[in-house]
>>> print(open('structure_6.txt').read())   # compact mmCIF, C-alpha atoms
# COMPACT_ATOMS: atom_id res chain seq x y z
CA MET A 996 13.19 35.71 4.60
CA LYS A 997 16.68 36.84 3.62
CA ASP A 998 18.19 36.12 7.06
CA ASN A 999 17.15 32.54 7.10
CA GLU A 1000 17.71 31.81 3.43
CA PRO A 1001 21.14 30.15 3.86
CA LYS A 1002 19.74 27.96 6.60
CA LEU A 1003 16.80 26.98 4.41
CA GLU A 1004 19.12 26.28 1.48
CA LYS A 1005 21.27 24.09 3.72
CA LEU A 1006 18.12 22.23 4.81
CA PHE A 1007 17.12 21.56 1.19
CA ARG A 1008 20.65 20.61 0.18
CA THR A 1009 21.01 18.16 3.06
CA ALA A 1010 17.52 16.71 2.63
CA ARG A 1011 18.36 15.91 -1.01
CA GLU A 1012 21.09 13.58 0.24
CA ALA A 1013 18.66 11.40 2.20
CA PRO A 1014 18.62 7.89 0.71
CA ALA A 1015 15.52 6.90 -1.22
CA VAL A 1016 13.28 4.42 0.53
CA ALA A 1017 13.82 0.95 -0.92
CA PRO A 1018 10.71 -1.14 -1.57
CA PRO A 1019 10.35 -4.44 0.31
CA GLU A 1020 11.56 -7.58 -1.48
CA ASN A 1021 8.06 -8.90 -2.13
CA PHE A 1022 6.78 -5.53 -3.38
CA ALA A 1023 5.97 -6.82 -6.88
CA ASP A 1024 4.05 -9.79 -5.44
CA GLN A 1025 2.11 -7.47 -3.14
CA VAL A 1026 1.09 -5.27 -6.07
CA MET A 1027 0.17 -8.22 -8.27
CA SER A 1028 -1.93 -9.81 -5.53
CA LEU A 1029 -3.94 -6.58 -5.36
CA THR A 1030 -4.31 -6.22 -9.11
CA ALA A 1031 -5.53 -9.73 -9.98
CA PRO A 1032 -8.51 -11.05 -8.00
CA ALA A 1033 -8.99 -14.86 -8.12
CA SER A 1034 -12.04 -14.88 -10.42
CA ALA A 1035 -10.35 -12.59 -12.92
CA ASN A 1036 -7.33 -14.89 -12.78
CA ASN A 1037 -9.41 -17.92 -13.77
CA VAL A 1038 -10.99 -16.06 -16.64
CA ILE A 1039 -7.55 -15.01 -17.87
CA THR A 1040 -6.32 -18.62 -17.64
CA ILE A 1041 -9.33 -19.95 -19.57
CA ASP A 1042 -8.98 -17.17 -22.14
CA PHE A 1043 -5.36 -18.15 -22.55
CA LEU A 1044 -5.89 -21.93 -22.76
CA LEU A 1045 -9.06 -22.18 -24.87
CA PRO A 1046 -7.54 -21.24 -28.22
CA LYS A 1047 -4.69 -23.70 -27.64
CA LEU A 1048 -7.12 -26.52 -26.80
CA ALA A 1049 -9.23 -25.68 -29.83
CA TRP A 1050 -6.19 -25.79 -32.10
CA ALA A 1051 -5.05 -29.11 -30.58
CA ALA A 1052 -8.51 -30.66 -31.14
CA THR A 1053 -8.60 -29.40 -34.73
CA PHE A 1054 -5.16 -30.89 -35.36
CA VAL A 1055 -6.19 -34.33 -34.04
CA VAL A 1056 -9.40 -34.40 -36.11
CA ALA A 1057 -7.50 -33.29 -39.23
CA ALA A 1058 -4.84 -35.96 -38.65
CA PHE A 1059 -7.49 -38.71 -38.42
CA LEU A 1060 -9.34 -37.49 -41.49
CA SER A 1061 -6.20 -37.18 -43.60
CA SER A 1062 -4.99 -40.65 -42.54
CA GLU A 1063 -8.39 -42.04 -43.54
CA VAL A 1064 -8.18 -40.39 -46.95
CA ILE A 1065 -4.57 -41.44 -47.54
CA MET A 1066 -5.23 -45.04 -46.51
CA TYR A 1067 -8.36 -45.15 -48.66
CA THR A 1068 -6.61 -43.79 -51.77
CA SER A 1069 -3.58 -46.08 -51.26
CA GLY A 1070 -5.80 -49.17 -51.09
CA PHE A 1071 -5.13 -49.93 -47.43
CA PRO A 1072 -8.12 -50.79 -45.32
CA SER A 1073 -9.47 -47.66 -43.65
CA LEU A 1074 -9.61 -47.27 -39.87
CA THR A 1075 -13.29 -48.24 -39.85
CA ALA A 1076 -12.62 -51.32 -41.95
CA GLY A 1077 -9.64 -52.18 -39.80
CA THR A 1078 -11.78 -51.97 -36.69
CA GLU A 1079 -14.43 -54.21 -38.23
CA GLU A 1080 -11.75 -56.74 -39.20
CA LEU A 1081 -10.32 -56.72 -35.69
CA ALA A 1082 -13.79 -57.16 -34.16
CA SER A 1083 -14.56 -60.17 -36.36
CA ALA A 1084 -11.17 -61.72 -35.56
CA TRP A 1085 -11.87 -61.25 -31.87
CA ASN A 1086 -15.35 -62.79 -32.26
CA SER A 1087 -14.05 -65.84 -34.04
CA GLU A 1088 -11.30 -66.32 -31.47
CA PHE A 1089 -13.32 -65.82 -28.28
CA ASN A 1090 -16.79 -66.48 -29.61
CA THR A 1091 -18.19 -63.19 -28.35
CA VAL A 1092 -20.08 -60.45 -30.14
CA ILE A 1093 -18.49 -57.01 -30.20
CA THR A 1094 -20.05 -54.24 -32.16
CA PRO A 1095 -17.56 -51.67 -33.30
CA MET B 879 1.66 4.94 -1.38
CA ALA B 880 3.99 3.42 -3.99
CA GLN B 881 1.84 0.31 -3.93
CA ASP B 882 -1.26 2.43 -4.58
CA VAL B 883 0.44 4.04 -7.57
CA PHE B 884 1.35 0.72 -9.18
CA VAL B 885 -2.07 -0.83 -8.53
CA LYS B 886 -3.74 2.25 -10.03
CA ALA B 887 -1.37 2.16 -13.01
CA TRP B 888 -2.12 -1.53 -13.61
CA ARG B 889 -5.86 -0.91 -13.53
CA GLN B 890 -5.67 2.09 -15.84
CA LEU B 891 -3.05 0.70 -18.22
CA GLU B 892 -5.61 0.57 -21.04
CA LYS B 893 -5.93 4.37 -20.84
CA PHE B 894 -2.20 4.88 -21.40
CA ASP B 895 -1.55 6.39 -24.82
CA PRO B 896 2.14 6.43 -25.81
CA LEU B 897 1.40 9.08 -28.43
CA LYS B 898 0.28 11.56 -25.75
CA ALA B 899 3.14 11.16 -23.27
CA PRO B 900 5.97 8.75 -22.45
CA PHE B 901 5.22 6.04 -19.91
CA GLU B 902 7.46 7.67 -17.28
CA ASN B 903 5.47 10.92 -17.42
CA TRP B 904 2.16 9.07 -17.31
CA LEU B 905 3.26 7.10 -14.24
CA SER B 906 4.83 10.16 -12.55
CA ARG B 907 1.64 12.14 -13.01
CA MET B 908 -0.32 9.31 -11.44
CA ALA B 909 2.16 9.22 -8.55
CA THR B 910 1.74 12.98 -8.09
CA ASN B 911 -2.04 12.65 -7.86
CA VAL B 912 -1.75 9.79 -5.36
CA ALA B 913 0.71 11.86 -3.30
CA LEU B 914 -1.58 14.91 -3.37
CA ASN B 915 -4.56 12.83 -2.24
CA HIS B 916 -2.43 11.33 0.51
CA VAL B 917 -1.31 14.77 1.77
CA ARG B 918 -4.91 16.03 1.68
CA ALA B 919 -6.16 13.01 3.63
CA GLU B 920 -3.31 13.14 6.11
CA LYS B 921 -3.63 16.88 6.70
CA ARG B 922 -7.03 16.46 8.31
CA PHE B 923 -5.62 14.18 10.99
CA ARG B 924 -2.06 15.36 11.42
CA ASP B 925 -1.26 17.31 14.53
CA GLN B 926 1.56 19.75 14.73
CA VAL B 927 4.74 18.01 15.78
CA PRO B 928 5.90 19.68 18.98
CA PHE B 929 9.33 21.26 19.01
CA SER B 930 10.42 18.89 21.75
CA GLN B 931 9.79 15.89 19.52
CA LEU B 932 12.53 16.88 17.10
CA GLY B 933 15.73 14.84 17.36
CA GLU B 934 18.72 16.10 19.32
CA GLY B 935 20.82 16.79 16.18
CA ALA B 936 17.99 18.72 14.55
CA LEU B 937 17.44 20.82 17.68
CA GLU B 938 21.14 21.64 17.97
CA TRP B 939 21.37 22.68 14.34
CA LEU B 940 18.28 24.88 14.65
CA GLN B 941 19.71 26.74 17.63
CA GLN B 942 23.03 27.46 15.90
CA GLU B 943 23.37 30.94 14.43
CA ASP B 944 25.39 29.78 11.42
CA ASN B 945 25.34 26.79 9.13
CA SER B 946 28.58 25.25 10.29
CA ALA B 947 27.01 22.67 12.62
CA PRO B 948 26.66 19.21 11.07
CA LEU B 949 23.23 18.13 9.94
CA GLU B 950 22.17 14.64 8.90
CA ALA B 951 19.94 14.18 5.86
CA MET B 952 17.20 12.56 7.92
CA GLU B 953 17.36 15.41 10.46
CA ALA B 954 16.96 17.93 7.63
CA ARG B 955 13.89 16.04 6.41
CA GLU B 956 12.55 16.00 9.97
CA ILE B 957 12.85 19.78 10.26
CA LEU B 958 11.37 20.32 6.81
CA ASN B 959 8.43 18.04 7.58
CA ARG B 960 7.84 19.99 10.77
CA CYS B 961 7.97 23.32 8.92
CA MET B 962 5.71 22.12 6.09
CA VAL B 963 2.81 21.11 8.32
CA ASP B 964 0.67 24.17 7.59
CA LEU B 965 1.48 24.36 3.89
CA THR B 966 -1.34 23.40 1.52
CA PRO B 967 -1.01 20.02 -0.26
CA ASP B 968 -0.17 21.79 -3.53
CA GLU B 969 2.50 23.89 -1.81
CA GLN B 970 4.01 20.81 -0.19
CA VAL B 971 4.15 18.81 -3.41
CA ILE B 972 5.48 21.67 -5.55
CA LEU B 973 8.09 22.64 -2.96
CA THR B 974 9.26 19.03 -2.61
CA MET B 975 9.49 18.59 -6.36
CA ALA B 976 11.39 21.82 -6.89
CA GLU B 977 13.72 21.96 -3.91
CA ILE B 978 14.28 18.32 -2.92
CA GLU B 979 13.79 16.40 -6.16
CA GLY B 980 15.36 19.23 -8.17
CA ARG B 981 12.70 19.28 -10.89
CA THR B 982 12.30 22.20 -13.25
CA SER B 983 9.12 24.30 -13.56
CA PRO B 984 8.10 22.72 -16.91
CA GLU B 985 8.53 19.27 -15.39
CA ILE B 986 6.41 20.22 -12.38
CA GLY B 987 3.82 21.73 -14.72
CA GLN B 988 3.66 18.48 -16.67
CA LEU B 989 3.23 16.41 -13.52
CA THR B 990 0.73 18.60 -11.71
CA GLY B 991 -1.11 20.05 -14.70
CA LYS B 992 -0.54 23.59 -13.39
CA ALA B 993 0.62 26.61 -15.39
CA ALA B 994 4.19 27.88 -15.01
CA GLY B 995 2.97 31.12 -13.38
CA THR B 996 0.93 29.23 -10.80
CA ILE B 997 3.92 27.06 -9.97
CA ARG B 998 6.17 30.10 -9.52
CA VAL B 999 3.67 31.84 -7.23
CA THR B 1000 2.94 28.67 -5.24
CA LEU B 1001 6.64 27.96 -4.82
CA HIS B 1002 7.36 31.50 -3.65
CA ARG B 1003 4.48 31.42 -1.16
CA ALA B 1004 5.55 27.99 0.10
CA LYS B 1005 9.14 29.17 0.68
CA LYS B 1006 7.89 32.23 2.52
CA LYS B 1007 5.74 30.10 4.82
CA LEU B 1008 8.59 27.68 5.32
CA THR B 1009 10.96 30.49 6.30
CA ASP B 1010 8.42 31.93 8.74
CA ASN B 1011 7.88 28.50 10.25
CA LEU B 1012 11.62 27.96 10.54
CA ILE B 1013 11.98 31.25 12.41
CA ARG B 1014 9.09 30.33 14.69
CA LEU B 1015 10.66 26.94 15.31
CA GLN B 1016 14.00 28.53 16.21
CA GLU B 1017 12.34 31.01 18.56
CA SER B 1018 10.11 28.48 20.31
CA PRO B 1019 11.39 27.40 23.75
>>> encode(input="structure_6.txt", output="structure tokens")
Amino acid sequence: MKDNEPKLEKLFRTAREAPAVAPPENFADQVMSLTAPASANNVITIDFLLPKLAWAATFVVAAFLSSEVIMYTSGFPSLTAGTEELASAWNSEFNTVITP
Amino acid sequence: MAQDVFVKAWRQLEKFDPLKAPFENWLSRMATNVALNHVRAEKRFRDQVPFSQLGEGALEWLQQEDNSAPLEAMEAREILNRCMVDLTPDEQVILTMAEIEGRTSPEIGQLTGKAAGTIRVTLHRAKKKLTDNLIRLQESP
């Protein structure tokens, strides 16, 4: 072992200088395509979007309700009353019957 | 192999506990296991690389008595790969970590899960085999 030790050391020393293998440019895409199957992707998308949609719907309903309350307390005709008024105006103008 | 490591890491990310070990150690340990499995699988199919298949530079350097002849890094790796063929997967991984990557025994222990004594013995045995194989390679026609 002793005789060949310098040669072995030289081998190790030189091998350490070999450049590291660089990954291909699309390496990250390759990995991600293997980690996320299509069905799982859809579930993740739905999971991500559902709470946002729910919050948006809640906001719209709350906005309508609060506008109804504000208009009612301020003496303005409410949305329902406004719709009825518009329907009767339309009826008298065009002589048709529209039920709101 | 690198791709396998990252895919495995992604799938097992929930198991990562930062309180147990830093992310780098967790990922390196996973890479070590993937590398060991790869060496084990490859070993069953790999034939010995004949002496004649070594590159010209590697052959010249092997036949020189001293170390003065130039040797390219890739040629050194070629010779080492040839000499490591009959080493066990553990010997190959530990030798590579210690001598080529320059890792310390505690680091290797952390990555392979082996005790310091086992690493020392394995490394010594691996170097002995490597030296014998190098001599055989030099003496082969």
>>> closest_residue(input="structure_6.txt", among="B:Thr990, B:Thr982, B:Thr974, B:Asn959", to="Asn911 (chain B)", atoms="all atoms listed in the file")
B:Thr990
>>> closest_residue(input="structure_6.txt", among="A:Val1026, A:Ala1057, A:Arg1008, A:Val1016", to="Arg889 (chain B)", atoms="only C-alpha atoms")
A:Val1026
>>> closest_residue(input="structure_6.txt", among="B:Leu891, B:Leu897, B:Leu989, B:Leu1008", to="chain A", atoms="only C-alpha atoms")
B:Leu1008
>>> atom_distance(input="structure_6.txt", atom1="CA of Lys1005 (chain A)", atom2="CA of Lys1005 (chain B)")
13.5 Å
>>> interface_residues(input="structure_6.txt", of="chain A", to="chain B", cutoff="8 Å", atoms="all atoms listed in the file", output="VMD selection string")
chain A and resid 996 999 to 1003 1005 to 1013 1022 1025 to 1027 1029 to 1030
>>> build_atoms(input="structure_6.txt", residues="region 967-990 of chain B", atoms="N, CA and C atoms", output="PDB file, in the coordinates of the input")
ATOM      1  N   PRO B 967      -1.552  21.184   0.458  1.00  0.00           N
ATOM      2  CA  PRO B 967      -1.010  20.020  -0.260  1.00  0.00           C
ATOM      3  C   PRO B 967      -0.271  20.414  -1.532  1.00  0.00           C
ATOM      4  N   ASP B 968      -0.837  21.353  -2.299  1.00  0.00           N
ATOM      5  CA  ASP B 968      -0.170  21.790  -3.530  1.00  0.00           C
ATOM      6  C   ASP B 968       1.195  22.403  -3.228  1.00  0.00           C
ATOM      7  N   GLU B 969       1.230  23.245  -2.190  1.00  0.00           N
ATOM      8  CA  GLU B 969       2.500  23.890  -1.810  1.00  0.00           C
ATOM      9  C   GLU B 969       3.530  22.837  -1.407  1.00  0.00           C
ATOM     10  N   GLN B 970       3.087  21.852  -0.642  1.00  0.00           N
ATOM     11  CA  GLN B 970       4.010  20.810  -0.190  1.00  0.00           C
ATOM     12  C   GLN B 970       4.585  20.025  -1.364  1.00  0.00           C
ATOM     13  N   VAL B 971       3.694  19.638  -2.277  1.00  0.00           N
ATOM     14  CA  VAL B 971       4.150  18.810  -3.410  1.00  0.00           C
ATOM     15  C   VAL B 971       5.069  19.615  -4.332  1.00  0.00           C
ATOM     16  N   ILE B 972       4.675  20.853  -4.631  1.00  0.00           N
ATOM     17  CA  ILE B 972       5.480  21.670  -5.550  1.00  0.00           C
ATOM     18  C   ILE B 972       6.843  21.995  -4.924  1.00  0.00           C
ATOM     19  N   LEU B 973       6.832  22.336  -3.652  1.00  0.00           N
ATOM     20  CA  LEU B 973       8.090  22.640  -2.960  1.00  0.00           C
ATOM     21  C   LEU B 973       9.022  21.411  -2.934  1.00  0.00           C
ATOM     22  N   THR B 974       8.453  20.256  -2.645  1.00  0.00           N
ATOM     23  CA  THR B 974       9.260  19.030  -2.610  1.00  0.00           C
ATOM     24  C   THR B 974       9.837  18.724  -3.982  1.00  0.00           C
ATOM     25  N   MET B 975       9.012  18.875  -5.003  1.00  0.00           N
ATOM     26  CA  MET B 975       9.490  18.590  -6.360  1.00  0.00           C
ATOM     27  C   MET B 975      10.613  19.538  -6.764  1.00  0.00           C
ATOM     28  N   ALA B 976      10.417  20.812  -6.440  1.00  0.00           N
ATOM     29  CA  ALA B 976      11.390  21.820  -6.890  1.00  0.00           C
ATOM     30  C   ALA B 976      12.677  21.780  -6.069  1.00  0.00           C
ATOM     31  N   GLU B 977      12.545  21.767  -4.759  1.00  0.00           N
ATOM     32  CA  GLU B 977      13.720  21.960  -3.910  1.00  0.00           C
ATOM     33  C   GLU B 977      14.408  20.657  -3.482  1.00  0.00           C
ATOM     34  N   ILE B 978      13.654  19.576  -3.377  1.00  0.00           N
ATOM     35  CA  ILE B 978      14.280  18.320  -2.920  1.00  0.00           C
ATOM     36  C   ILE B 978      14.534  17.382  -4.096  1.00  0.00           C
ATOM     37  N   GLU B 979      13.569  17.270  -4.997  1.00  0.00           N
ATOM     38  CA  GLU B 979      13.790  16.400  -6.160  1.00  0.00           C
ATOM     39  C   GLU B 979      14.537  17.128  -7.272  1.00  0.00           C
ATOM     40  N   GLY B 980      14.608  18.445  -7.178  1.00  0.00           N
ATOM     41  CA  GLY B 980      15.360  19.230  -8.170  1.00  0.00           C
ATOM     42  C   GLY B 980      14.710  19.298  -9.536  1.00  0.00           C
ATOM     43  N   ARG B 981      13.392  19.233  -9.595  1.00  0.00           N
ATOM     44  CA  ARG B 981      12.700  19.280 -10.890  1.00  0.00           C
ATOM     45  C   ARG B 981      12.542  20.717 -11.373  1.00  0.00           C
ATOM     46  N   THR B 982      12.466  20.864 -12.669  1.00  0.00           N
ATOM     47  CA  THR B 982      12.300  22.200 -13.250  1.00  0.00           C
ATOM     48  C   THR B 982      10.809  22.562 -13.279  1.00  0.00           C
ATOM     49  N   SER B 983      10.524  23.864 -13.501  1.00  0.00           N
ATOM     50  CA  SER B 983       9.120  24.300 -13.560  1.00  0.00           C
ATOM     51  C   SER B 983       8.321  23.582 -14.653  1.00  0.00           C
ATOM     52  N   PRO B 984       8.880  23.451 -15.885  1.00  0.00           N
ATOM     53  CA  PRO B 984       8.100  22.720 -16.910  1.00  0.00           C
ATOM     54  C   PRO B 984       7.792  21.277 -16.495  1.00  0.00           C
ATOM     55  N   GLU B 985       8.757  20.647 -15.845  1.00  0.00           N
ATOM     56  CA  GLU B 985       8.530  19.270 -15.390  1.00  0.00           C
ATOM     57  C   GLU B 985       7.388  19.219 -14.368  1.00  0.00           C
ATOM     58  N   ILE B 986       7.444  20.181 -13.416  1.00  0.00           N
ATOM     59  CA  ILE B 986       6.410  20.220 -12.380  1.00  0.00           C
ATOM     60  C   ILE B 986       5.053  20.508 -13.018  1.00  0.00           C
ATOM     61  N   GLY B 987       5.057  21.405 -14.010  1.00  0.00           N
ATOM     62  CA  GLY B 987       3.820  21.730 -14.720  1.00  0.00           C
ATOM     63  C   GLY B 987       3.226  20.497 -15.374  1.00  0.00           C
ATOM     64  N   GLN B 988       4.111  19.690 -15.987  1.00  0.00           N
ATOM     65  CA  GLN B 988       3.660  18.480 -16.670  1.00  0.00           C
ATOM     66  C   GLN B 988       3.050  17.480 -15.676  1.00  0.00           C
ATOM     67  N   LEU B 989       3.671  17.405 -14.510  1.00  0.00           N
ATOM     68  CA  LEU B 989       3.230  16.410 -13.520  1.00  0.00           C
ATOM     69  C   LEU B 989       1.978  16.844 -12.764  1.00  0.00           C
ATOM     70  N   THR B 990       1.866  18.142 -12.510  1.00  0.00           N
ATOM     71  CA  THR B 990       0.730  18.600 -11.710  1.00  0.00           C
ATOM     72  C   THR B 990      -0.403  19.175 -12.562  1.00  0.00           C
TER      73      THR B 990
END
